file query11.cif (mmCIF, C-alpha atoms)
data_start
loop_
_atom_site.group_PDB
_atom_site.id
_atom_site.type_symbol
_atom_site.label_atom_id
_atom_site.label_comp_id
_atom_site.auth_asym_id
_atom_site.auth_seq_id
_atom_site.Cartn_x
_atom_site.Cartn_y
_atom_site.Cartn_z
ATOM 1 C CA MET O 1 0.000 0.000 0.000
ATOM 2 C CA ASP O 2 0.990 3.596 -0.515
ATOM 3 C CA ALA O 3 3.093 4.510 2.555
ATOM 4 C CA SER O 4 2.238 8.215 2.587
ATOM 5 C CA PRO O 5 -0.816 8.772 0.414
ATOM 6 C CA VAL O 6 -2.220 12.159 -0.525
ATOM 7 C CA ILE O 7 -5.683 12.265 -2.093
ATOM 8 C CA GLU O 8 -6.974 15.418 -3.748
ATOM 9 C CA THR O 9 -10.616 16.171 -4.464
ATOM 10 C CA GLU O 10 -12.264 19.290 -5.838
ATOM 11 C CA ARG O 11 -12.151 21.088 -2.458
ATOM 12 C CA LEU O 12 -10.122 18.866 -0.150
ATOM 13 C CA ILE O 13 -6.777 17.214 0.500
ATOM 14 C CA LEU O 14 -6.695 13.939 2.429
ATOM 15 C CA ARG O 15 -3.323 13.001 3.873
ATOM 16 C CA LYS O 16 -1.782 10.725 6.443
ATOM 17 C CA PRO O 17 -1.761 12.382 9.876
ATOM 18 C CA THR O 18 1.281 13.835 11.614
ATOM 19 C CA LEU O 19 1.706 14.505 15.338
ATOM 20 C CA GLU O 20 1.312 18.211 14.629
ATOM 21 C CA ASP O 21 -2.351 17.577 13.682
ATOM 22 C CA GLY O 22 -3.274 16.964 17.322
ATOM 23 C CA GLU O 23 -3.871 20.643 18.073
ATOM 24 C CA ALA O 24 -5.962 21.203 14.923
ATOM 25 C CA LEU O 25 -8.189 18.236 15.798
ATOM 26 C CA LEU O 26 -8.948 19.461 19.321
ATOM 27 C CA ALA O 27 -12.022 21.167 17.835
ATOM 28 C CA ILE O 28 -13.435 17.672 17.229
ATOM 29 C CA HIS O 29 -11.887 15.723 20.081
ATOM 30 C CA THR O 30 -13.026 18.134 22.816
ATOM 31 C CA ASP O 31 -16.524 18.657 21.402
ATOM 32 C CA PRO O 32 -19.043 16.381 23.157
ATOM 33 C CA VAL O 33 -21.524 16.780 20.279
ATOM 34 C CA ALA O 34 -18.989 15.794 17.596
ATOM 35 C CA MET O 35 -17.767 12.888 19.763
ATOM 36 C CA GLU O 36 -21.205 11.749 20.991
ATOM 37 C CA PHE O 37 -21.384 8.592 18.879
ATOM 38 C CA ILE O 38 -17.673 7.756 18.649
ATOM 39 C CA GLY O 39 -16.605 7.204 22.213
ATOM 40 C CA GLY O 40 -17.099 10.641 23.739
ATOM 41 C CA VAL O 41 -14.424 13.079 24.829
ATOM 42 C CA HIS O 42 -11.479 11.172 26.297
ATOM 43 C CA PRO O 43 -9.830 12.779 29.342
ATOM 44 C CA GLU O 44 -6.353 12.196 27.824
ATOM 45 C CA ILE O 45 -7.058 14.572 24.963
ATOM 46 C CA ARG O 46 -6.889 17.717 27.074
ATOM 47 C CA THR O 47 -3.350 17.026 28.309
ATOM 48 C CA ASP O 48 -2.092 15.087 25.293
ATOM 49 C CA PRO O 49 -3.646 16.196 21.969
ATOM 50 C CA GLU O 50 -1.268 13.892 20.084
ATOM 51 C CA TRP O 51 -2.702 10.796 21.821
ATOM 52 C CA PRO O 52 -5.189 9.840 19.058
ATOM 53 C CA ILE O 53 -2.664 10.623 16.335
ATOM 54 C CA ARG O 54 -0.159 8.167 17.811
ATOM 55 C CA ARG O 55 -2.878 5.484 17.774
ATOM 56 C CA TRP O 56 -3.739 6.276 14.151
ATOM 57 C CA LEU O 57 -0.113 6.164 13.046
ATOM 58 C CA ALA O 58 0.237 2.773 14.742
ATOM 59 C CA ARG O 59 -2.775 1.564 12.723
ATOM 60 C CA TRP O 60 -1.151 2.806 9.526
ATOM 61 C CA GLU O 61 1.983 0.878 10.503
ATOM 62 C CA GLN O 62 0.088 -2.316 11.388
ATOM 63 C CA ASN O 63 -2.425 -2.410 8.551
ATOM 64 C CA GLY O 64 -1.117 -0.194 5.756
ATOM 65 C CA PHE O 65 -4.160 2.058 6.139
ATOM 66 C CA GLY O 66 -5.812 4.275 8.741
ATOM 67 C CA PRO O 67 -7.409 7.697 9.202
ATOM 68 C CA PHE O 68 -6.695 10.615 6.876
ATOM 69 C CA ILE O 69 -6.575 14.256 7.922
ATOM 70 C CA VAL O 70 -8.983 16.300 5.777
ATOM 71 C CA GLU O 71 -7.856 19.815 4.854
ATOM 72 C CA ARG O 72 -9.647 22.408 2.792
ATOM 73 C CA THR O 73 -7.596 23.041 -0.366
ATOM 74 C CA ALA O 74 -8.355 26.765 -0.437
ATOM 75 C CA ASP O 75 -6.699 27.599 2.895
ATOM 76 C CA GLY O 76 -5.257 24.421 4.466
ATOM 77 C CA CYS O 77 -7.803 24.504 7.294
ATOM 78 C CA VAL O 78 -8.220 21.094 8.943
ATOM 79 C CA VAL O 79 -11.952 20.354 8.735
ATOM 80 C CA GLY O 80 -11.965 16.751 9.973
ATOM 81 C CA ARG O 81 -10.827 13.212 9.457
ATOM 82 C CA THR O 82 -11.978 10.222 7.479
ATOM 83 C CA GLY O 83 -10.464 6.869 6.789
ATOM 84 C CA PHE O 84 -10.097 3.312 7.912
ATOM 85 C CA LEU O 85 -10.250 1.295 11.081
ATOM 86 C CA LEU O 86 -10.006 -2.447 11.352
ATOM 87 C CA TRP O 87 -12.324 -4.466 13.593
ATOM 88 C CA ASP O 88 -12.255 -8.075 14.734
ATOM 89 C CA SER O 89 -15.806 -9.140 13.909
ATOM 90 C CA ARG O 90 -15.767 -11.932 16.513
ATOM 91 C CA ASP O 91 -16.295 -9.462 19.332
ATOM 92 C CA TRP O 92 -16.211 -6.080 17.553
ATOM 93 C CA HIS O 93 -13.056 -4.644 19.055
ATOM 94 C CA VAL O 94 -10.440 -2.591 17.216
ATOM 95 C CA SER O 95 -7.729 -4.896 15.914
ATOM 96 C CA SER O 96 -5.121 -5.371 13.218
ATOM 97 C CA VAL O 97 -5.087 -7.475 10.064
ATOM 98 C CA ALA O 98 -2.526 -9.809 11.663
ATOM 99 C CA GLU O 99 -4.537 -10.305 14.868
ATOM 100 C CA ALA O 100 -8.033 -10.566 13.373
ATOM 101 C CA GLY O 101 -7.060 -12.760 10.415
ATOM 102 C CA GLU O 102 -10.124 -13.990 8.543
ATOM 103 C CA HIS O 103 -12.334 -12.028 10.970
ATOM 104 C CA ALA O 104 -10.778 -8.695 9.956
ATOM 105 C CA GLN O 105 -13.480 -6.188 9.016
ATOM 106 C CA PRO O 106 -12.390 -2.830 7.546
ATOM 107 C CA GLU O 107 -14.518 0.188 8.335
ATOM 108 C CA LEU O 108 -14.692 3.627 6.744
ATOM 109 C CA GLY O 109 -15.450 6.305 9.329
ATOM 110 C CA TRP O 110 -15.497 10.085 9.611
ATOM 111 C CA ALA O 111 -15.592 12.938 12.104
ATOM 112 C CA PHE O 112 -15.656 16.623 11.255
ATOM 113 C CA VAL O 113 -15.364 19.919 13.094
ATOM 114 C CA ARG O 114 -18.931 20.969 13.826
ATOM 115 C CA GLU O 115 -18.610 24.381 12.169
ATOM 116 C CA HIS O 116 -17.933 22.518 8.900
ATOM 117 C CA TRP O 117 -20.973 20.213 9.092
ATOM 118 C CA GLY O 118 -23.531 20.543 6.298
ATOM 119 C CA LYS O 119 -21.032 21.677 3.635
ATOM 120 C CA GLY O 120 -20.600 18.321 1.903
ATOM 121 C CA TYR O 121 -17.012 17.842 3.096
ATOM 122 C CA ALA O 122 -17.733 14.515 4.805
ATOM 123 C CA THR O 123 -19.378 13.050 1.697
ATOM 124 C CA GLU O 124 -16.600 14.286 -0.594
ATOM 125 C CA ALA O 125 -13.839 13.035 1.712
ATOM 126 C CA ALA O 126 -15.432 9.652 2.493
ATOM 127 C CA ARG O 127 -16.071 8.981 -1.188
ATOM 128 C CA ALA O 128 -12.433 9.789 -2.045
ATOM 129 C CA ALA O 129 -11.094 7.661 0.829
ATOM 130 C CA ARG O 130 -13.315 4.757 -0.247
ATOM 131 C CA GLU O 131 -12.022 4.970 -3.833
ATOM 132 C CA TRP O 132 -8.452 4.981 -2.522
ATOM 133 C CA GLY O 133 -9.220 1.991 -0.289
ATOM 134 C CA HIS O 134 -10.683 0.006 -3.151
ATOM 135 C CA ALA O 135 -7.633 0.822 -5.287
ATOM 136 C CA GLN O 136 -5.444 -0.490 -2.438
ATOM 137 C CA GLY O 137 -7.400 -3.758 -2.277
ATOM 138 C CA ILE O 138 -9.498 -3.020 0.818
ATOM 139 C CA GLU O 139 -12.587 -5.177 0.298
ATOM 140 C CA GLY O 140 -15.873 -5.679 2.137
ATOM 141 C CA LEU O 141 -15.936 -2.122 3.462
ATOM 142 C CA ILE O 142 -18.545 -1.131 6.050
ATOM 143 C CA SER O 143 -19.374 1.837 8.251
ATOM 144 C CA LEU O 144 -20.538 1.240 11.826
ATOM 145 C CA ILE O 145 -23.089 3.861 12.868
ATOM 146 C CA ALA O 146 -24.953 4.207 16.161
ATOM 147 C CA PRO O 147 -28.709 3.840 15.590
ATOM 148 C CA ALA O 148 -29.352 7.381 16.911
ATOM 149 C CA ASN O 149 -26.701 8.968 14.658
ATOM 150 C CA VAL O 150 -29.073 10.205 11.980
ATOM 151 C CA ARG O 151 -26.543 12.547 10.322
ATOM 152 C CA SER O 152 -24.038 9.734 9.693
ATOM 153 C CA ALA O 153 -26.787 7.376 8.537
ATOM 154 C CA ARG O 154 -27.820 9.973 5.935
ATOM 155 C CA LEU O 155 -24.206 10.261 4.825
ATOM 156 C CA ALA O 156 -23.998 6.475 4.466
ATOM 157 C CA GLU O 157 -27.129 6.598 2.299
ATOM 158 C CA ARG O 158 -25.567 9.349 0.115
ATOM 159 C CA LEU O 159 -22.551 7.066 -0.291
ATOM 160 C CA GLY O 160 -24.844 4.304 -1.590
ATOM 161 C CA CYS O 161 -24.502 2.118 1.509
ATOM 162 C CA THR O 162 -27.090 -0.416 2.632
ATOM 163 C CA ALA O 163 -28.049 -0.910 6.276
ATOM 164 C CA ARG O 164 -27.605 -4.487 7.443
ATOM 165 C CA GLU O 165 -27.606 -6.021 10.927
ATOM 166 C CA THR O 166 -26.945 -4.293 14.234
ATOM 167 C CA VAL O 167 -23.866 -5.408 16.198
ATOM 168 C CA GLU O 168 -22.619 -4.642 19.707
ATOM 169 C CA LEU O 169 -19.322 -2.732 19.741
ATOM 170 C CA PHE O 170 -16.989 -3.420 22.636
ATOM 171 C CA ASP O 171 -16.939 0.203 23.851
ATOM 172 C CA THR O 172 -19.899 2.198 22.555
ATOM 173 C CA GLY O 173 -22.788 -0.254 22.322
ATOM 174 C CA PRO O 174 -25.028 -1.004 19.351
ATOM 175 C CA ALA O 175 -24.045 -0.013 15.809
ATOM 176 C CA VAL O 176 -25.775 -0.575 12.503
ATOM 177 C CA VAL O 177 -23.527 -2.173 9.897
ATOM 178 C CA TRP O 178 -23.749 -0.104 6.700
ATOM 179 C CA GLU O 179 -22.321 -2.010 3.738
ATOM 180 C CA HIS O 180 -20.526 0.038 1.077
ATOM 181 C CA PRO O 181 -20.976 -0.714 -2.621
ATOM 182 C CA ARG O 182 -17.968 -1.886 -4.571
#
call {"tool": "encode", "arguments": {"input": "query11.cif", "output": "structure tokens"}}
result
Amino acid sequence: MDASPVIETERLILRKPTLEDGEALLAIHTDPVAMEFIGGVHPEIRTDPEWPIRRWLARWEQNGFGPFIVERTADGCVVGRTGFLLWDSRDWHVSSVAEAGEHAQPELGWAFVREHWGKGYATEAARAAREWGHAQGIEGLISLIAPANVRSARLAERLGCTARETVELFDTGPAVVWEHPR
């Protein structure tokens, strides 16, 4: 897989994160509304904004894919993140390709700074990340969305996804499995 991919869309640049992105992402990671359906605000984030970035970079190292930082092309403003996470479908915990083996389930997820919601950035970025993932051989892509997360469910519909069963995630409870088209 591409070690340091950069994806360009009409309005956005998607790139592999760097530790310096921690500060820019505080607008998401400290916002209880933005984090409501993805684990909430973690106490570590206030004293260590690089904490999630280190986890994401480890996922890139383990799996050859992970989250992308999403910047607006016009001014370089970080508007959110989108990209890949790998789950072990036996008990729905975050894993690696090596650990999960045949039970490895790749997911495409997203989170955006609230002031940038409703501008189409999430759809544009998720679509571009999905195309990149398919080109890299990532198959059977899903998105896991909490039943009450209506905004993300609408985004999944715009991406052409189909709602399937509901599973129980190890940390946040029930999630609807949205299957992406190939």
call {"tool": "resolve_selection", "arguments": {"input": "query11.cif", "expression": "the PyMOL selection byres ((chain O and resi 154-170) around 9)", "output": "MDAnalysis selection string"}}
result
chainID O and resid 91:94 122:123 126:127 142:147 149:153 171:181
call {"tool": "resolve_selection", "arguments": {"input": "query11.cif", "expression": "the PyMOL selection byres ((chain O and resi 65) around 10)", "output": "list of chain:residue names"}}
result
O:Met1, O:Asp2, O:Ala3, O:Ser4, O:Pro5, O:Lys16, O:Trp56, O:Leu57, O:Ala58, O:Arg59, O:Trp60, O:Glu61, O:Gln62, O:Asn63, O:Gly64, O:Gly66, O:Pro67, O:Phe68, O:Gly83, O:Phe84, O:Leu85, O:Leu86, O:Pro106, O:Gly133, O:Gln136, O:Ile138
call {"tool": "closest_residue", "arguments": {"input": "query11.cif", "among": "O:Ile69, O:Ala100, O:Ala74, O:Ile53", "to": "O:Gly22", "atoms": "only C-alpha atoms"}}
result
O:Ile53
call {"tool": "atom_distance", "arguments": {"input": "query11.cif", "atom1": "atom CA of O:Arg130", "atom2": "atom CA of O:Leu12"}}
result
14.5 Å
call {"tool": "residues_around", "arguments": {"input": "query11.cif", "residues": "O:Gly39", "least_positions_apart": "2", "cutoff": "10 Å", "atoms": "all atoms listed in the file", "output": "list in words"}}
result
His29, Pro32, Met35, Glu36, Phe37, Val41, His42, Asp171, Thr172 and Gly173 of chain O
call {"tool": "atom_distance", "arguments": {"input": "query11.cif", "atom1": "atom CA of O:Gly76", "atom2": "atom CA of O:Ala111"}}
result
17.2 Å
call {"tool": "atom_distance", "arguments": {"input": "query11.cif", "atom1": "atom CA of O:Val33", "atom2": "atom CA of O:Trp87"}}
result
24.1 Å
call {"tool": "residues_around", "arguments": {"input": "query11.cif", "residues": "O:Cys77", "least_positions_apart": "5", "cutoff": "12 Å", "atoms": "all atoms listed in the file", "output": "number ranges by chain"}}
result
O: 11-14, 21, 24-25, 27, 69-72, 112-113, 115-116
call {"tool": "closest_residue", "arguments": {"input": "query11.cif", "among": "O:Arg114, O:Arg81, O:Arg54, O:Val97", "to": "O:Ala34", "atoms": "only C-alpha atoms"}}
result
O:Arg114
call {"tool": "decode", "arguments": {"input": "query11.cif", "residues": "stretch 47-58 of chain O", "atoms": "N, CA and C atoms", "output": "PDB file, in the first residue's frame"}}
result
ATOM      1  N   THR O  47      -4.758  16.902  27.930  1.00  0.00           N
ATOM      2  CA  THR O  47      -3.350  17.026  28.309  1.00  0.00           C
ATOM      3  C   THR O  47      -2.406  16.489  27.244  1.00  0.00           C
ATOM      4  N   ASP O  48      -2.941  15.712  26.311  1.00  0.00           N
ATOM      5  CA  ASP O  48      -2.092  15.087  25.293  1.00  0.00           C
ATOM      6  C   ASP O  48      -2.837  15.038  23.955  1.00  0.00           C
ATOM      7  N   PRO O  49      -2.900  16.169  23.224  1.00  0.00           N
ATOM      8  CA  PRO O  49      -3.646  16.196  21.969  1.00  0.00           C
ATOM      9  C   PRO O  49      -3.087  15.283  20.881  1.00  0.00           C
ATOM     10  N   GLU O  50      -1.860  14.802  21.063  1.00  0.00           N
ATOM     11  CA  GLU O  50      -1.268  13.892  20.084  1.00  0.00           C
ATOM     12  C   GLU O  50      -1.678  12.441  20.321  1.00  0.00           C
ATOM     13  N   TRP O  51      -2.321  12.162  21.443  1.00  0.00           N
ATOM     14  CA  TRP O  51      -2.702  10.796  21.821  1.00  0.00           C
ATOM     15  C   TRP O  51      -3.438  10.046  20.710  1.00  0.00           C
ATOM     16  N   PRO O  52      -4.523  10.605  20.123  1.00  0.00           N
ATOM     17  CA  PRO O  52      -5.189   9.840  19.058  1.00  0.00           C
ATOM     18  C   PRO O  52      -4.326   9.683  17.810  1.00  0.00           C
ATOM     19  N   ILE O  53      -3.513  10.688  17.521  1.00  0.00           N
ATOM     20  CA  ILE O  53      -2.664  10.623  16.335  1.00  0.00           C
ATOM     21  C   ILE O  53      -1.679   9.463  16.452  1.00  0.00           C
ATOM     22  N   ARG O  54      -1.082   9.297  17.620  1.00  0.00           N
ATOM     23  CA  ARG O  54      -0.159   8.167  17.811  1.00  0.00           C
ATOM     24  C   ARG O  54      -0.872   6.836  17.567  1.00  0.00           C
ATOM     25  N   ARG O  55      -2.107   6.708  18.018  1.00  0.00           N
ATOM     26  CA  ARG O  55      -2.878   5.484  17.774  1.00  0.00           C
ATOM     27  C   ARG O  55      -3.129   5.293  16.280  1.00  0.00           C
ATOM     28  N   TRP O  56      -3.467   6.376  15.587  1.00  0.00           N
ATOM     29  CA  TRP O  56      -3.739   6.276  14.151  1.00  0.00           C
ATOM     30  C   TRP O  56      -2.487   5.892  13.377  1.00  0.00           C
ATOM     31  N   LEU O  57      -1.365   6.492  13.738  1.00  0.00           N
ATOM     32  CA  LEU O  57      -0.113   6.164  13.046  1.00  0.00           C
ATOM     33  C   LEU O  57       0.268   4.708  13.286  1.00  0.00           C
ATOM     34  N   ALA O  58      -0.014   4.197  14.467  1.00  0.00           N
ATOM     35  CA  ALA O  58       0.237   2.773  14.742  1.00  0.00           C
ATOM     36  C   ALA O  58      -0.648   1.905  13.851  1.00  0.00           C
TER      37      ALA O  58
END
